[in-house]
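*Asks:* Below is one structure. I have some questions about it.
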Amino acid sequence: MRQCGITQLCRDTASYPAHALPMTMSLRTVLLTALAMLAFAANSLLTREALAGGLADAATFSTLRVVSGAVTLALILTARRTPASGEGGWRGALALFTYVACFSAAYISLPAGTGALILFGTVQLTMFGAALRAGERFPPASWLGLALALGGLVYLMAPGIAAPDPVGGVLMVASGIGWGLYSLMGKGARDPLAATARNFALAVPLVLVISLFSLGQMHLTAYGAILAIASGALASGCGYVLWYAALPHLSAGRAASVQLTVPIIAAIGGAIALSEPLTTRLILSSVVTLGGVALVLAQRAKA
């Protein structure tokens with residue numbers, strides 16, 4: 001592969017508009033999808049390592065993540081052969097900011113796998129709730145799946161010896177709602193990459209304001225800065241490019257289902273890289289929550 005691996009693949013992929021990507025490249029699609037899921041899970045690991053280890057404060061980490069993501073996406077769009085659309089705006093930027101800021105603050109106290117499961121479950125429940133609000137009818141099996149998904153999250157966050165920090169849990173729920181709303185806003189975007197790049201750029205002043213209000217608590221090490229930039233430029237910026245390149249070749253059901261792997265990857269990565277325990281509560285919650293989400297997705301795919 002030319003130049004520097006994932007970054008070059010991002011540039012190569014972004015040079016083609018979504019409708020022009022050949023539909024026969026199944027191996028490429030598998031590779032793009034796998035790399036995107038790894039990138040999304042890596043966000044949890046990078047953020048947790050930086051914040052749990054006191055390598056950066058949450059506001060500074062969020063600012064560096066958004067700024068590096070905005071710069072990376074702007075460079076990729078510049079290298080792309082097609083003009084960017086004017087999609088994206090302040091509503092999307094505010095939802096993105098909510099996701100990033102609460103995500104960072106939550107990982108001060110939450111393990112990587114627990115945070116990823118709460119985030120993913122909340123995102124899916126937010127989107128299912130929007131579907132219900134829009135008039136979509138769910139069969140009984142889907143309602144069972146929703147109950148299981150919600151019950152799994154409630155069990156994970158219920159008081160007990162192995163329960164996660166309640167403040168971190170609430171913050172991650174807020175982050176998941178922000179990302180769910182962001183996803184819904186961009187659902188019909190003709191050029192999701194350009195819309196994401198604009199939203200990242202508009203979110204920069206928002207995270208800078210938070211950093212200004214947090215100057216008294218500001219601290220940042222060189223390694224913490226590297227982790228934040230990796231989270232923004234690679235795990236976020238390039239991760240979204242890879243995902244948007246894979247999406248045209250995936251059915252809606254498969255695209256939603258493959259995201260079930262992200263909390264699992266984050267939990268395994270947290271156990272290996274960060275020495276975080278895989279508790280019985282986390283394992284049971286993951287099985288119930290992800291199983292419930294999978295059941296709803298399966299029913300919607302049939303419909």
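Here's how to read the names in the structure tokens: chain A, B, ... by the order shown, residue numbers from 1 in each chain, ligand numbers from 1 in the order shown.
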Give me, as a ChimeraX atom specification, all polymer residues having an atom no more than 8 Å from Ser44 of chain A, counting only C-alpha atoms and skipping those fewer than 3 positions away in the same chain.
*Replies:* /A:40-41,47-48,107,112-113,115-116,266
*Asks:* Residues of the last selection are to be written out with N, CA and C atoms, as a short mmCIF file (atom, residue, chain, number, x, y, z; two decimals), in the first residue's frame.
*Replies:*
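Written out: selection.cif:
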```cif
data_model
loop_
_atom_site.label_atom_id
_atom_site.label_comp_id
_atom_site.auth_asym_id
_atom_site.auth_seq_id
_atom_site.Cartn_x
_atom_site.Cartn_y
_atom_site.Cartn_z
N PHE A 40 -13.55 3.04 15.08
CA PHE A 40 -14.56 3.50 16.02
C PHE A 40 -14.30 2.95 17.43
N ALA A 41 -13.89 1.68 17.51
CA ALA A 41 -13.56 1.11 18.82
C ALA A 41 -12.31 1.76 19.40
N THR A 47 -9.28 7.44 24.12
CA THR A 47 -9.82 8.41 25.07
C THR A 47 -9.67 7.91 26.50
N ARG A 48 -9.98 6.65 26.72
CA ARG A 48 -9.87 6.08 28.06
C ARG A 48 -8.43 6.11 28.56
N TYR A 107 -15.31 9.13 29.94
CA TYR A 107 -14.20 8.17 30.00
C TYR A 107 -13.17 8.50 31.08
N ALA A 112 -13.28 1.16 29.00
CA ALA A 112 -13.50 1.32 27.56
C ALA A 112 -14.69 0.51 27.07
N GLY A 113 -14.77 -0.77 27.45
CA GLY A 113 -15.86 -1.62 26.97
C GLY A 113 -17.20 -1.19 27.51
N GLY A 115 -18.10 1.85 28.49
CA GLY A 115 -18.49 3.10 27.82
C GLY A 115 -18.98 2.86 26.42
N ALA A 116 -18.29 1.98 25.67
CA ALA A 116 -18.70 1.71 24.29
C ALA A 116 -20.07 1.05 24.23
N ALA A 266 -14.07 -2.97 21.54
CA ALA A 266 -13.60 -2.05 22.58
C ALA A 266 -13.37 -2.78 23.90
#
```
*Asks:* Considering only C-alpha atoms, tabulate each residue of segment 106-127 of chain A that lies at most 7 Å from segment 281-291 of chain A along with its nearest interatomic pair and the corresponding distance in Å to one decimal; arrange the rows by chain and ascending residue number and present them as JSON lines.
*Replies:*
```
{"residue": "A:Thr114", "atom": "CA", "partner": "A:Leu282", "partner_atom": "CA", "distance": 6.6}
{"residue": "A:Leu117", "atom": "CA", "partner": "A:Ser286", "partner_atom": "CA", "distance": 6.8}
{"residue": "A:Gly121", "atom": "CA", "partner": "A:Thr289", "partner_atom": "CA", "distance": 6.8}
```
*Asks:* Restricted to C-alpha atoms, what would the selected residues look like written as a short mmCIF file (atom, residue, chain, number, x, y, z; two decimals), in the first residue's frame?
*Replies:*
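Ended up saving to again14.cif:
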```cif
data_model
loop_
_atom_site.label_atom_id
_atom_site.label_comp_id
_atom_site.auth_asym_id
_atom_site.auth_seq_id
_atom_site.Cartn_x
_atom_site.Cartn_y
_atom_site.Cartn_z
CA THR A 114 -18.52 -0.37 29.38
CA LEU A 117 -21.66 -0.50 25.19
CA GLY A 121 -26.95 1.01 23.05
#
```
*Asks:* Quick one: everything within 10 Å of segment 189-205 of chain A, counting only C-alpha atoms, minus sequence neighbours fewer than 3 positions away in the same chain. Send it as a ChimeraX atom specification.
*Replies:* /A:14,17-19,62-77,83-98,100,182,184-186,208-211,232,237,240-245
*Asks:* Could those residues be written to a file, using C-alpha atoms, as a CSV table (one decimal), in the first residue's frame?
*Replies:*
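So again01.csv came out as:
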```csv
chain,number,residue,atom,x,y,z
A,14,ALA,CA,-12.3,9.8,-0.7
A,17,PRO,CA,-17.8,10.0,-5.1
A,18,ALA,CA,-20.0,7.4,-3.4
A,19,HIS,CA,-22.1,6.7,-6.5
A,62,SER,CA,-12.0,17.1,23.2
A,63,THR,CA,-10.6,20.3,21.6
A,64,LEU,CA,-7.5,18.5,20.1
A,65,ARG,CA,-9.7,15.7,18.9
A,66,VAL,CA,-12.2,18.0,17.1
A,67,VAL,CA,-9.5,20.3,15.7
A,68,SER,CA,-7.3,17.4,14.4
A,69,GLY,CA,-10.4,15.7,12.9
A,70,ALA,CA,-11.5,19.0,11.2
A,71,VAL,CA,-8.0,19.5,9.7
A,72,THR,CA,-7.8,15.9,8.5
A,73,LEU,CA,-11.2,15.9,6.9
A,74,ALA,CA,-10.5,19.3,5.2
A,75,LEU,CA,-7.2,17.9,3.8
A,76,ILE,CA,-9.0,14.8,2.5
A,77,LEU,CA,-11.7,16.9,0.9
A,83,PRO,CA,-16.5,19.4,-5.2
A,84,ALA,CA,-17.9,19.4,-1.7
A,85,SER,CA,-21.6,20.0,-1.1
A,86,GLY,CA,-22.9,22.7,1.2
A,87,GLU,CA,-24.4,20.2,3.7
A,88,GLY,CA,-23.9,20.3,7.4
A,89,GLY,CA,-24.6,23.2,9.7
A,90,TRP,CA,-24.8,24.4,13.3
A,91,ARG,CA,-27.4,21.8,14.4
A,92,GLY,CA,-25.1,19.0,13.3
A,93,ALA,CA,-22.1,20.7,14.9
A,94,LEU,CA,-24.0,21.1,18.2
A,95,ALA,CA,-24.9,17.4,18.2
A,96,LEU,CA,-21.4,16.4,17.3
A,97,PHE,CA,-20.0,18.7,20.1
A,98,THR,CA,-22.4,17.1,22.6
A,100,VAL,CA,-17.5,14.5,21.8
A,182,TYR,CA,-26.2,13.6,14.6
A,184,LEU,CA,-30.4,11.1,12.1
A,185,MET,CA,-29.6,14.6,10.9
A,186,GLY,CA,-27.1,13.3,8.3
A,208,LEU,CA,-12.6,26.1,22.3
A,209,VAL,CA,-15.2,27.8,24.5
A,210,ILE,CA,-15.3,24.8,26.8
A,211,SER,CA,-11.5,24.8,27.0
A,232,GLY,CA,-9.4,13.0,15.9
A,237,GLY,CA,-11.5,11.6,10.5
A,240,TYR,CA,-15.5,8.2,8.9
A,241,VAL,CA,-14.0,8.3,5.4
A,242,LEU,CA,-13.6,4.5,5.5
A,243,TRP,CA,-17.1,4.0,6.8
A,244,TYR,CA,-18.7,6.3,4.2
A,245,ALA,CA,-16.8,4.5,1.5
```
*Asks:* If I take atom CA of Gly145 of chain A and atom CA of Ala256 of chain A, how far is one from the other in Å, to one decimal?
*Replies:*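 Interatomic distance, atom CA of Gly145 of chain A to atom CA of Ala256 of chain A: 14.7 Å.
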*Asks:* Under the rule that only C-alpha atoms are counted, which of A:Ala59, A:Val262, A:Ala294, A:Met37 is the nearest residue to Ser104 of chain A?
*Replies:*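 Counting only C-alpha atoms, the residue closest to Ser104 of chain A is A:Ala59.
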*Asks:* Could you list, as a PyMOL selection string, every residue within 8 Å of Pro139 of chain A, counting only C-alpha atoms and ignoring same-chain residues fewer than 3 positions away?
*Replies:* chain A and resi 142-143+299
*Asks:* Neighbours of Leu119 of chain A within 7 Å (only C-alpha atoms; same-chain residues fewer than 3 positions away dropped), as a VMD selection string?
*Replies:* chain A and resid 115 to 116 122 to 123 172 to 173 175 to 176
*Asks:* When distances are computed from only C-alpha atoms, which of A:Leu153, A:Ile265, A:Ala106, A:Ala101 shows the smallest separation from Leu125 of chain A?
*Replies:*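 For Leu125 of chain A, the nearest of the given residues is A:Leu153.
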*Asks:* Just list as a VMD selection string whatever in segment 18-139 of chain A DSSP marks as alpha helix (DSSP H).
*Replies:* chain A and resid 26 to 52 58 to 79 90 to 106 112 to 133
